[in-house]
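Structure data follow from model-v1.txt (compact mmCIF, C-alpha atoms and all ligand atoms):
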# COMPACT_ATOMS: atom_id res chain seq x y z
CA MET A 1 11.23 9.27 20.32
CA LEU A 2 8.01 8.43 18.64
CA GLU A 3 4.84 9.63 20.23
CA ALA A 4 1.86 8.27 18.40
CA ARG A 5 -1.28 10.26 19.03
CA PRO A 6 -4.70 9.70 17.56
CA HIS A 7 -5.54 12.37 15.04
CA GLU A 8 -8.87 13.40 13.67
CA PRO A 9 -8.68 13.78 9.91
CA ALA A 10 -9.34 17.08 8.28
CA SER A 11 -12.83 17.20 6.85
CA LEU A 12 -12.60 15.13 3.72
CA SER A 13 -15.31 17.07 2.01
CA ASP A 14 -13.43 20.30 2.65
CA ALA A 15 -10.15 18.72 1.68
CA SER A 16 -11.04 18.11 -1.89
CA SER A 17 -12.07 20.56 -4.53
CA VAL A 18 -13.46 17.82 -6.75
CA ASN A 19 -16.94 16.43 -6.62
CA ARG A 20 -16.90 13.09 -4.80
CA ASP A 21 -20.61 12.55 -5.30
CA ASP A 22 -19.89 10.90 -8.63
CA VAL A 23 -18.17 7.90 -6.99
CA GLU A 24 -20.25 4.76 -7.15
CA SER A 25 -19.68 1.04 -7.42
CA ARG A 26 -21.55 -1.33 -9.69
CA LEU A 27 -21.89 -5.08 -9.32
CA ASP A 28 -21.20 -7.36 -12.27
CA PRO A 29 -23.71 -10.17 -11.74
CA ILE A 30 -21.64 -12.58 -13.83
CA THR A 31 -18.34 -12.27 -11.96
CA GLY A 32 -19.68 -11.06 -8.61
CA ASN A 33 -17.07 -8.26 -8.70
CA TRP A 34 -17.69 -4.62 -7.90
CA THR A 35 -16.17 -1.92 -10.11
CA ILE A 36 -15.53 1.56 -8.74
CA PHE A 37 -16.53 4.45 -11.00
CA ALA A 38 -14.76 7.70 -10.12
CA PRO A 39 -15.01 9.94 -13.20
CA HIS A 40 -13.33 12.92 -11.49
CA ARG A 41 -10.05 11.00 -11.34
CA GLY A 42 -9.62 11.93 -15.00
CA GLN A 43 -8.78 15.45 -13.75
CA ARG A 44 -5.59 14.30 -12.01
CA PRO A 45 -2.33 16.00 -13.03
CA GLU A 46 -0.24 13.62 -15.11
CA GLU A 47 3.46 14.20 -14.77
CA PHE A 48 4.24 11.26 -17.01
CA VAL A 49 1.79 12.24 -19.76
CA PRO A 50 2.14 15.98 -20.46
CA PRO A 51 -0.96 17.79 -21.76
CA LYS A 52 -1.21 18.64 -25.46
CA ASP A 53 -0.14 22.27 -24.91
CA PHE A 54 2.90 21.19 -22.87
CA VAL A 55 5.81 23.42 -23.86
CA GLY A 56 8.59 21.97 -21.80
CA LYS A 57 7.82 23.47 -18.42
CA GLN A 58 7.73 21.09 -15.49
CA ILE A 59 4.53 20.45 -13.57
CA ARG A 60 4.95 22.12 -10.18
CA CYS A 61 5.36 19.17 -7.83
CA PRO A 62 2.60 19.38 -5.19
CA PHE A 63 4.58 17.13 -2.85
CA CYS A 64 7.79 19.22 -2.68
CA PRO A 65 8.46 21.58 0.26
CA GLY A 66 7.07 25.05 -0.40
CA ASN A 67 4.06 23.68 -2.32
CA GLU A 68 2.13 22.36 0.69
CA SER A 69 -0.82 24.63 -0.10
CA GLU A 70 -1.45 22.58 -3.27
CA THR A 71 -2.52 19.57 -1.22
CA PRO A 72 -5.30 19.37 1.37
CA PRO A 73 -4.23 19.95 5.00
CA PRO A 74 -2.38 16.98 6.49
CA VAL A 75 -3.94 14.35 8.74
CA TRP A 76 -0.55 13.04 9.91
CA VAL A 77 2.84 14.75 10.08
CA GLY A 78 6.16 13.17 11.10
CA ARG A 79 9.62 14.63 11.38
CA VAL A 80 13.05 13.00 11.46
CA VAL A 81 15.23 14.51 14.16
CA GLU A 82 18.52 15.15 12.37
CA ASP A 83 20.77 14.82 15.42
CA ASP A 84 20.05 11.17 16.12
CA SER A 85 17.73 10.06 13.27
CA SER A 86 14.90 9.46 15.76
CA HIS A 87 11.49 10.79 14.82
CA ASP A 88 8.53 12.72 16.17
CA VAL A 89 4.89 12.60 15.18
CA LEU A 90 3.54 16.15 15.18
CA ASP A 91 0.05 17.45 15.77
CA PRO A 92 -1.33 17.96 12.24
CA SER A 93 -3.84 20.56 13.42
CA SER A 94 -1.01 22.88 14.37
CA PHE A 95 0.91 22.20 11.17
CA GLN A 96 1.65 25.39 9.29
CA SER A 97 2.66 24.94 5.73
CA ALA A 98 4.73 28.10 5.89
CA LYS A 99 6.79 26.57 8.65
CA ASN A 100 7.58 23.77 6.31
CA ASP A 101 8.74 21.50 9.11
CA TRP A 102 8.04 17.94 8.05
CA SER A 103 9.75 14.79 6.79
CA VAL A 104 6.69 12.66 5.98
CA ARG A 105 3.12 13.91 5.72
CA VAL A 106 -0.19 12.26 4.98
CA VAL A 107 -2.90 14.22 3.14
CA PRO A 108 -6.33 13.29 1.83
CA ASN A 109 -6.15 12.45 -1.86
CA LYS A 110 -7.36 15.41 -3.92
CA PHE A 111 -8.84 12.97 -6.44
CA PRO A 112 -10.21 10.17 -4.25
CA ALA A 113 -11.38 6.82 -5.60
CA VAL A 114 -13.99 6.52 -2.85
CA GLY A 115 -16.77 8.78 -1.58
CA ASP A 116 -16.64 10.59 1.74
CA ALA A 117 -17.07 8.30 4.77
CA SER A 118 -19.60 10.67 6.26
CA PRO A 119 -23.21 9.59 5.68
CA ARG A 120 -24.67 11.07 2.52
CA SER A 121 -28.18 10.01 1.80
CA HIS A 122 -28.06 11.49 -1.70
CA HIS A 123 -25.24 9.07 -2.46
CA ALA A 124 -27.74 6.24 -2.64
CA PRO A 125 -29.94 6.72 -5.68
CA LYS A 126 -33.27 4.93 -5.67
CA PRO A 127 -32.60 1.62 -7.34
CA PRO A 128 -34.33 1.20 -10.69
CA ARG A 129 -36.81 -1.63 -11.17
CA GLU A 130 -34.14 -3.78 -12.72
CA ALA A 131 -31.96 -3.29 -9.60
CA SER A 132 -31.21 -6.98 -9.27
CA LEU A 133 -29.25 -6.81 -12.51
CA PHE A 134 -28.14 -3.17 -12.34
CA THR A 135 -26.99 -3.05 -8.74
CA ARG A 136 -25.18 0.09 -7.75
CA ARG A 137 -24.07 1.33 -4.38
CA PRO A 138 -22.25 4.36 -3.11
CA LEU A 139 -18.75 3.54 -1.99
CA THR A 140 -17.55 5.49 1.01
CA GLY A 141 -14.33 5.57 2.96
CA GLY A 142 -11.05 7.43 2.71
CA HIS A 143 -8.22 7.84 0.23
CA GLU A 144 -4.98 9.31 1.49
CA VAL A 145 -1.51 10.01 0.13
CA ILE A 146 1.61 9.35 2.18
CA ILE A 147 4.31 11.75 0.98
CA GLU A 148 7.42 9.86 2.04
CA SER A 149 10.12 12.50 1.80
CA ARG A 150 10.85 16.20 1.48
CA SER A 151 13.26 15.44 -1.33
CA HIS A 152 11.99 14.91 -4.86
CA ALA A 153 13.12 11.28 -4.75
CA THR A 154 11.41 8.83 -7.10
CA SER A 155 11.91 5.53 -5.29
CA LEU A 156 11.89 4.10 -1.78
CA SER A 157 15.49 3.03 -2.26
CA GLN A 158 16.55 6.71 -2.39
CA LEU A 159 15.08 7.50 1.02
CA ASP A 160 16.99 7.65 4.26
CA VAL A 161 16.23 4.69 6.51
CA ALA A 162 14.67 7.11 9.03
CA GLU A 163 12.31 8.48 6.35
CA ILE A 164 11.02 5.11 5.22
CA GLN A 165 10.60 4.01 8.83
CA LEU A 166 8.52 7.10 9.45
CA ALA A 167 6.41 6.38 6.35
CA PHE A 168 5.74 2.84 7.56
CA LEU A 169 4.75 4.17 10.98
CA ALA A 170 2.35 6.51 9.17
CA PHE A 171 0.76 3.49 7.45
CA ARG A 172 0.27 1.91 10.86
CA ASP A 173 -1.24 5.00 12.47
CA ARG A 174 -3.59 5.72 9.57
CA ILE A 175 -4.74 2.09 9.27
CA ARG A 176 -5.43 2.18 13.01
CA TYR A 177 -7.44 5.35 12.53
CA TRP A 178 -9.52 3.95 9.68
CA ARG A 179 -10.25 0.60 11.31
CA GLY A 180 -11.85 2.59 14.13
CA VAL A 181 -14.21 4.47 11.79
CA PRO A 182 -17.71 2.93 11.96
CA GLY A 183 -18.65 1.14 8.75
CA ILE A 184 -15.11 0.77 7.40
CA ALA A 185 -14.65 -2.84 6.30
CA TYR A 186 -11.37 -2.81 4.39
CA VAL A 187 -8.10 -0.83 4.52
CA THR A 188 -5.03 -1.24 2.36
CA ALA A 189 -1.84 0.71 1.69
CA PHE A 190 0.01 0.50 -1.59
CA LYS A 191 2.65 2.15 -3.70
CA ASN A 192 2.82 2.88 -7.41
CA ALA A 193 6.35 3.86 -8.45
CA GLY A 194 6.78 4.80 -12.11
CA ALA A 195 4.28 5.33 -14.90
CA ARG A 196 3.99 1.60 -15.73
CA ALA A 197 3.05 0.96 -12.12
CA GLY A 198 0.19 3.46 -12.27
CA ALA A 199 1.84 6.54 -10.74
CA SER A 200 0.79 9.97 -12.01
CA LEU A 201 3.42 11.91 -10.04
CA ARG A 202 7.11 11.10 -9.64
CA HIS A 203 7.74 12.37 -6.10
CA THR A 204 7.90 9.27 -3.92
CA HIS A 205 4.57 8.59 -2.26
CA SER A 206 2.26 5.76 -1.24
CA GLN A 207 -1.49 5.68 -0.80
CA LEU A 208 -4.07 4.27 1.56
CA ILE A 209 -7.66 3.41 0.69
CA ALA A 210 -10.35 2.53 3.22
CA THR A 211 -13.76 1.35 2.02
CA ASP A 212 -17.06 0.25 3.48
CA ARG A 213 -16.85 -3.10 1.66
CA VAL A 214 -14.36 -5.97 1.44
CA PRO A 215 -13.49 -6.51 -2.26
CA SER A 216 -14.69 -9.88 -3.52
CA ALA A 217 -11.18 -11.16 -4.35
CA VAL A 218 -10.03 -10.31 -0.80
CA ALA A 219 -13.14 -11.93 0.69
CA SER A 220 -12.43 -15.08 -1.26
CA MET A 221 -8.78 -15.10 -0.06
CA ILE A 222 -9.92 -14.70 3.54
CA ASP A 223 -12.41 -17.49 3.09
CA ARG A 224 -9.59 -19.83 2.05
CA MET A 225 -7.50 -18.76 5.04
CA ILE A 226 -10.40 -19.37 7.42
CA ARG A 227 -11.08 -22.82 5.97
CA HIS A 228 -7.40 -23.76 6.37
CA ARG A 229 -7.43 -22.53 9.96
CA VAL A 230 -10.57 -24.46 10.78
CA SER A 231 -9.39 -27.68 9.13
CA SER A 232 -5.76 -27.67 10.30
CA GLY A 233 -5.81 -25.46 13.38
CA CYS A 234 -2.97 -23.38 11.87
CA CYS A 235 -2.66 -20.06 10.07
CA LEU A 236 -2.22 -20.68 6.33
CA LEU A 237 0.51 -18.07 5.90
CA CYS A 238 2.41 -19.35 8.98
CA ASP A 239 2.27 -22.85 7.43
CA LEU A 240 3.45 -21.51 4.07
CA VAL A 241 6.34 -19.64 5.67
CA ARG A 242 7.42 -22.79 7.54
CA ALA A 243 7.22 -24.77 4.29
CA GLU A 244 9.22 -22.15 2.38
CA LEU A 245 11.90 -22.14 5.10
CA LYS A 246 12.12 -25.91 4.88
CA ALA A 247 12.31 -25.87 1.07
CA ARG A 248 14.87 -22.99 1.25
CA GLN A 249 15.11 -22.35 -2.49
CA ARG A 250 12.60 -19.48 -2.62
CA VAL A 251 13.75 -17.74 0.56
CA VAL A 252 15.45 -14.43 -0.18
CA TRP A 253 16.17 -13.26 3.34
CA ARG A 254 15.33 -14.03 6.94
CA ASP A 255 16.39 -12.70 10.28
CA LYS A 256 15.08 -13.43 13.74
CA SER A 257 11.69 -11.84 13.11
CA LEU A 258 11.09 -11.29 9.37
CA ILE A 259 11.21 -13.24 6.13
CA ALA A 260 11.30 -12.18 2.48
CA TYR A 261 10.57 -14.89 -0.08
CA CYS A 262 9.29 -15.47 -3.61
CA PRO A 263 6.07 -17.47 -3.15
CA PHE A 264 5.86 -20.94 -4.74
CA ALA A 265 2.86 -20.01 -6.93
CA SER A 266 3.72 -16.34 -7.42
CA HIS A 267 1.32 -14.89 -9.98
CA LEU A 268 3.72 -12.11 -10.99
CA PRO A 269 7.39 -12.26 -12.01
CA MET A 270 9.97 -11.37 -9.31
CA LEU A 271 7.32 -10.85 -6.64
CA VAL A 272 8.75 -10.80 -3.10
CA ARG A 273 6.57 -11.25 -0.03
CA VAL A 274 7.65 -9.79 3.32
CA THR A 275 6.04 -10.85 6.59
CA THR A 276 6.74 -11.76 10.21
CA LEU A 277 7.92 -15.24 11.16
CA GLU A 278 5.60 -15.13 14.15
CA HIS A 279 1.88 -15.06 13.58
CA GLN A 280 0.46 -11.55 13.45
CA ALA A 281 -2.90 -10.81 11.84
CA CYS A 282 -2.66 -7.03 11.65
CA TYR A 283 0.19 -4.88 10.41
CA GLU A 284 -1.16 -2.02 12.50
CA ASP A 285 -0.66 -4.07 15.69
CA LEU A 286 3.09 -4.46 15.13
CA ASP A 287 5.29 -2.52 17.55
CA ASP A 288 7.59 0.31 16.49
CA LEU A 289 10.69 -1.88 16.31
CA MET A 290 9.06 -4.48 14.09
CA ILE A 291 7.64 -1.83 11.76
CA GLU A 292 11.03 -0.16 11.48
CA SER A 293 12.62 -3.53 10.66
CA ALA A 294 9.94 -4.24 8.03
CA ALA A 295 10.52 -0.78 6.50
CA ARG A 296 14.27 -1.43 6.27
CA LEU A 297 13.70 -4.82 4.65
CA VAL A 298 11.24 -3.46 2.08
CA ARG A 299 13.72 -0.71 1.21
CA ARG A 300 16.44 -3.32 0.69
CA VAL A 301 14.17 -5.50 -1.47
CA VAL A 302 13.42 -2.49 -3.67
CA ALA A 303 17.14 -1.69 -3.91
CA TRP A 304 17.88 -5.32 -4.94
CA LEU A 305 15.08 -5.17 -7.47
CA GLU A 306 16.49 -1.97 -8.97
CA LYS A 307 19.91 -3.58 -9.13
CA ILE A 308 18.49 -6.53 -11.06
CA ARG A 309 16.26 -4.33 -13.26
CA PRO A 310 17.57 -0.74 -13.24
CA GLY A 311 14.86 1.92 -13.53
CA THR A 312 12.02 -0.56 -13.16
CA ALA A 313 8.53 0.57 -12.22
CA TYR A 314 7.15 -1.35 -9.25
CA ASN A 315 4.26 -1.64 -6.82
CA PHE A 316 3.83 -2.84 -3.33
CA CYS A 317 0.60 -3.82 -1.59
CA LEU A 318 0.14 -4.12 2.15
CA HIS A 319 -2.37 -6.75 3.27
CA THR A 320 -3.72 -6.53 6.79
CA ARG A 321 -6.80 -8.13 8.31
CA PRO A 322 -9.79 -6.14 7.07
CA PRO A 323 -11.67 -4.56 9.99
CA GLY A 324 -14.95 -5.85 8.57
CA THR A 325 -13.84 -9.48 8.59
CA GLN A 326 -15.48 -11.91 10.93
CA ASP A 327 -12.33 -13.82 11.71
CA PRO A 328 -12.82 -15.55 15.05
CA PRO A 329 -10.15 -18.23 14.52
CA ASP A 330 -7.53 -15.56 13.75
CA SER A 331 -6.81 -16.85 10.26
CA PHE A 332 -5.40 -13.75 8.61
CA HIS A 333 -1.69 -12.90 8.61
CA TRP A 334 -0.35 -9.54 7.36
CA SER A 335 2.13 -9.28 4.45
CA ILE A 336 3.60 -6.87 1.95
CA ASP A 337 4.02 -7.93 -1.69
CA ILE A 338 6.61 -6.04 -3.75
CA PHE A 339 6.71 -6.62 -7.51
CA PRO A 340 8.22 -4.96 -10.59
CA ARG A 341 6.08 -4.23 -13.61
CA ILE A 342 7.78 -6.49 -16.11
CA THR A 343 4.90 -8.00 -18.02
CA GLN A 344 1.71 -6.50 -19.38
CA ILE A 345 -1.52 -8.23 -18.54
CA ALA A 346 -2.46 -9.56 -21.96
CA GLY A 347 -5.49 -11.08 -23.64
CA PHE A 348 -5.31 -14.56 -22.13
CA GLU A 349 -4.89 -13.20 -18.61
CA TRP A 350 -7.75 -10.70 -19.02
CA GLY A 351 -9.98 -13.39 -20.45
CA SER A 352 -9.16 -16.21 -18.08
CA HIS A 353 -7.97 -14.42 -14.91
CA CYS A 354 -5.12 -16.96 -15.02
CA MET A 355 -1.72 -15.27 -15.01
CA ILE A 356 1.26 -16.42 -17.07
CA ASN A 357 4.50 -15.85 -15.13
CA PRO A 358 7.68 -16.05 -17.24
CA VAL A 359 10.03 -16.12 -14.21
CA LEU A 360 10.12 -19.10 -11.86
CA PRO A 361 10.16 -17.91 -8.24
CA GLU A 362 13.19 -20.16 -7.60
CA ILE A 363 15.15 -18.19 -10.23
CA ALA A 364 13.85 -14.87 -8.90
CA ALA A 365 14.87 -15.76 -5.34
CA SER A 366 18.38 -16.76 -6.43
CA LYS A 367 18.83 -13.36 -8.11
CA PHE A 368 17.67 -11.52 -5.00
CA ARG A 369 19.92 -13.67 -2.79
CA ALA A 370 22.90 -12.82 -5.01
CA CYS A 371 22.20 -9.11 -4.42
CA ALA A 372 21.84 -9.66 -0.68
CA ARG A 373 25.07 -11.67 -0.59
CA GLU A 374 26.99 -8.85 -2.27
CA GLU A 375 25.55 -6.40 0.20
CA ASP A 376 26.20 -8.29 3.43
CA PRO A 377 27.47 -11.87 3.09
CA ARG A 378 27.57 -12.43 6.85
CA ARG A 379 23.82 -12.13 7.26
CA LEU A 380 22.61 -14.28 4.38
CA ARG A 381 20.93 -17.55 5.28
ZN ZN A 401 8.52 16.83 -5.52
ZN ZN A 402 0.12 -16.60 10.77

Written form, structure tokens:
Amino acid sequence: MLEARPHEPASLSDASSVNRDDVESRLDPITGNWTIFAPHRGQRPEEFVPPKDFVGKQIRCPFCPGNESETPPPVWVGRVVEDDSSHDVLDPSSFQSAKNDWSVRVVPNKFPAVGDASPRSHHAPKPPREASLFTRRPLTGGHEVIIESRSHATSLSQLDVAEIQLAFLAFRDRIRYWRGVPGIAYVTAFKNAGARAGASLRHTHSQLIATDRVPSAVASMIDRMIRHRVSSGCCLLCDLVRAELKARQRVVWRDKSLIAYCPFASHLPMLVRVTTLEHQACYEDLDDLMIESAARLVRRVVAWLEKIRPGTAYNFCLHTRPPGTQDPPDSFHWSIDIFPRITQIAGFEWGSHCMINPVLPEIAASKFRACAREEDPRRLR
């Protein structure tokens, strides 16, 4: 049985040997976007890009059992019970790396992209006179790594169902933790699988970033959702899901509670969106059963994707209502987007911020449905 308990994180400043004081964000006055500068991230180990003096030896995987001392102490530990595939959440403060008794663990990122959430006055340099054009701010929050398996697997599709369910419960518990931290405005979980997707280590893992600011693109998305809610009285994503179910051609999968579909205006090829049929603003408010079902569905989508494009790199991004959002009409609706890295973002896209997608979502959905049909024809709608 799962027993979720609130856990205090290990001290983030103790957890990392790198200097987080160099993290700052700068505002581009032309675009209104903030860019995060985290120079220490250049020190990360790169499994996919060996150093110049590389002589064939493997980088010691810091996520494999036996190497726990190479990561900061965990803030969340879960274990699959082998007898019945149920799971326990363990007390991370009593976790002993020597005991090596874990299935999924969450650790602070050793090379975080955000500064420590604890107040640090020296993080805020006195703005120069030209501050209105050279606006900089410290960026604080948390950056964690969810190590999804003891085995040196490289994709979600290689995990046991119990392992991926545990990983998705870890997302929920850690998002719940961070939304309770004063000043945290935005939390997201995401996965980079493969070098083209931005991964530096092969061992299957996801990440979570919490920040004290809602990114401008997310704020603009929420603004659109709020305006739709106010004008129509309905949640925009609920309306879109209903419309996709009616249109049918982009629906990949549905059951009594979840849907996977390729959105009508998908900005990336073969992107699949997973969400609940019923309105739910926050992923972290889903119950255990729903999270386990979502984990199973995401695993299947990844397996279908790998069947269509063997060995593909891919990402997923989990969207949940940012804690810092003033959202009185309940306009946000959680979702997970899964997408392979097929195309490179090229000059036109960089210049115009308008994506060119070479795969119609109707074609993408038909390919995914074919995979689902082969797998279990009785359950395909
Ligand atoms: Zn490993
Ligand atoms: Zn909704």

task: Pick out the residues no farther than 7 Å from ligand ZN 401 (chain A), counting all atoms listed in the file, and list them as JSON, numbers by chain.
output: {"A": [61, 62, 63, 64, 151, 152, 203]}

task: Could you please determine the separation between CA of Cys235 in chain A and CA of Phe316 in chain A in Å, to one decimal place?
output: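 Calculated distance between CA of Cys235 in chain A and CA of Phe316 in chain A is 22.8 Å.
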
Listing only residues of chain A within 12 Å of ligand ZN 402 (chain A), what is the closest atom pair and its distance in Å (to one decimal) for each, using all atoms listed in the file, sorted by chain and residue number ascending, as a tab-separated table?
residue	atom	partner	partner_atom	distance
A:Met225	CA	A:ZN402	ZN	9.8
A:Ile226	CA	A:ZN402	ZN	11.4
A:His228	CA	A:ZN402	ZN	11.3
A:Arg229	CA	A:ZN402	ZN	9.6
A:Gly233	CA	A:ZN402	ZN	11.0
A:Cys234	CA	A:ZN402	ZN	7.5
A:Cys235	CA	A:ZN402	ZN	4.5
A:Leu236	CA	A:ZN402	ZN	6.5
A:Leu237	CA	A:ZN402	ZN	5.1
A:Cys238	CA	A:ZN402	ZN	4.0
A:Asp239	CA	A:ZN402	ZN	7.4
A:Leu240	CA	A:ZN402	ZN	8.9
A:Val241	CA	A:ZN402	ZN	8.6
A:Arg242	CA	A:ZN402	ZN	10.1
A:Thr275	CA	A:ZN402	ZN	9.3
A:Thr276	CA	A:ZN402	ZN	8.2
A:Leu277	CA	A:ZN402	ZN	7.9
A:Glu278	CA	A:ZN402	ZN	6.6
A:His279	CA	A:ZN402	ZN	3.7
A:Gln280	CA	A:ZN402	ZN	5.7
A:Ala281	CA	A:ZN402	ZN	6.6
A:Cys282	CA	A:ZN402	ZN	10.0
A:Tyr283	CA	A:ZN402	ZN	11.7
A:Thr320	CA	A:ZN402	ZN	11.5
A:Arg321	CA	A:ZN402	ZN	11.2
A:Pro329	CA	A:ZN402	ZN	11.1
A:Asp330	CA	A:ZN402	ZN	8.3
A:Ser331	CA	A:ZN402	ZN	7.0
A:Phe332	CA	A:ZN402	ZN	6.6
A:His333	CA	A:ZN402	ZN	4.7
A:Trp334	CA	A:ZN402	ZN	7.9
A:Ser335	CA	A:ZN402	ZN	9.9

Exercise: Thr135 in chain A partners within 6 Å, all atoms listed in the file, chain neighbours under 2 positions left out, as a list in words: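 After dropping sequence-adjacent residues, the list is Arg26, Leu27, Ala131, Ser132 and Leu133 of chain A.
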
Could you write those residues out with C-alpha atoms, as a tab-separated table (two decimals), in the coordinates of the input?
chain	number	residue	atom	x	y	z
A	26	ARG	CA	-21.55	-1.33	-9.69
A	27	LEU	CA	-21.89	-5.08	-9.32
A	131	ALA	CA	-31.96	-3.29	-9.60
A	132	SER	CA	-31.21	-6.98	-9.27
A	133	LEU	CA	-29.25	-6.81	-12.51

task: Write out as a list in words the residues lying within 10 Å of Arg196 in chain A, counting only C-alpha atoms and excluding same-chain residues fewer than 2 positions away.
output: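 Once the adjacent positions are removed, what remains is Phe48, Asn192, Ala193, Gly194, Gly198, Ala199, Ser200, Thr312, Ala313, Tyr314, Asn315, Pro340, Arg341, Ile342, Thr343 and Gln344 of chain A.
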
task: Have a look at A:Phe37, A:Phe168, A:Phe368, A:Trp178 and name the one nearest to Lys307 in chain A; count all atoms listed in the file.
output: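 Result for the nearest residue to Lys307 in chain A: A:Phe368.
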
- request: Around the point (13.0, -23.8, -0.1) in the file's coordinates, collect all residues with an atom within 12 Å, using only C-alpha atoms, and return them as a ChimeraX atom specification.
  value: /A:240-253,261-264,361-363,365-366,381

- prompt: Hey, what's within 12 Å of Glu68 in chain A if we count all atoms listed in the file and toss same-chain stuff fewer than 2 positions away? As a list of chain:residue names, please?
  reply: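 Final neighbour list, sorted by chain and number: A:Arg60, A:Cys61, A:Pro62, A:Phe63, A:Cys64, A:Pro65, A:Gly66, A:Glu70, A:Thr71, A:Pro72, A:Pro73, A:Pro74, A:Phe95, A:Gln96, A:Ser97, A:Ala98, A:Lys99, A:Asn100, A:Asp101, A:Trp102, A:Val104, A:Arg105, A:Val106, A:Val107, A:Ile147, A:Arg150.
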
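Between Ala265 in chain A and the residues A:Leu305, A:Gly183, A:Asn357, A:Ser86, the shortest atom-to-atom distance, using all atoms listed in the file, involves A:Asn357.
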
- prompt: So how far away is CA of Asp28 in chain A from CA of Phe339 in chain A, in Å?
  reply: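 Atom-to-atom, CA of Phe339 in chain A and CA of Asp28 in chain A are spaced 28.3 Å apart.
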
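Within 10 Å of Ala167 in chain A, once all atoms listed in the file are used and residues closer than 6 positions along the same chain are dropped, the contacting residues are Val77, Gly78, Ser103, Val104, Arg105, Val106, Ile146, Ile147, Glu148, Ser149, Val161, Asp173, His205, Ser206, Ile291, Glu292 and Ala295 of chain A.
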
- request: Quick one: pull the distance between CA of Val302 in chain A and CA of Ile175 in chain A, Å, one decimal.
  value: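 Interatomic distance, CA of Val302 in chain A to CA of Ile175 in chain A: 22.8 Å.
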
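With all atoms listed in the file as the atoms that count, the minimum distance from His87 in chain A to the choices A:His353, A:Ile164, A:Arg202, A:Leu318 is reached by A:Ile164.
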
message: I need the residue nearest Tyr177 in chain A from this list: A:Ser266, A:Asp223, A:Pro323, A:Val89. Use all atoms listed in the file for the distance.
response: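 Among the listed residues, A:Pro323 lies closest to Tyr177 in chain A.
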
query: Closest to Pro215 in chain A among A:Ser352, A:Thr325, A:Leu297, A:Gly347, using only C-alpha atoms?
result: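 Of the candidates, the smallest distance to Pro215 in chain A is held by A:Thr325.
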
- line: If you count all atoms listed in the file, the residue of A:Arg172, A:Leu90, A:Gly142, A:Arg254 closest to Asp287 in chain A turns out to be A:Arg172

- request: Identify, on the basis of only C-alpha atoms, every residue whose closest approach to Glu144 in chain A does not exceed 6 Å; exclude the query and any residue fewer than 2 positions from it along the same chain; express the result as a list of chain:residue names.
  value: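 Near Glu144 in chain A, the qualifying residues are A:Val107, A:Pro108, A:Asn109, A:Gln207, A:Leu208.
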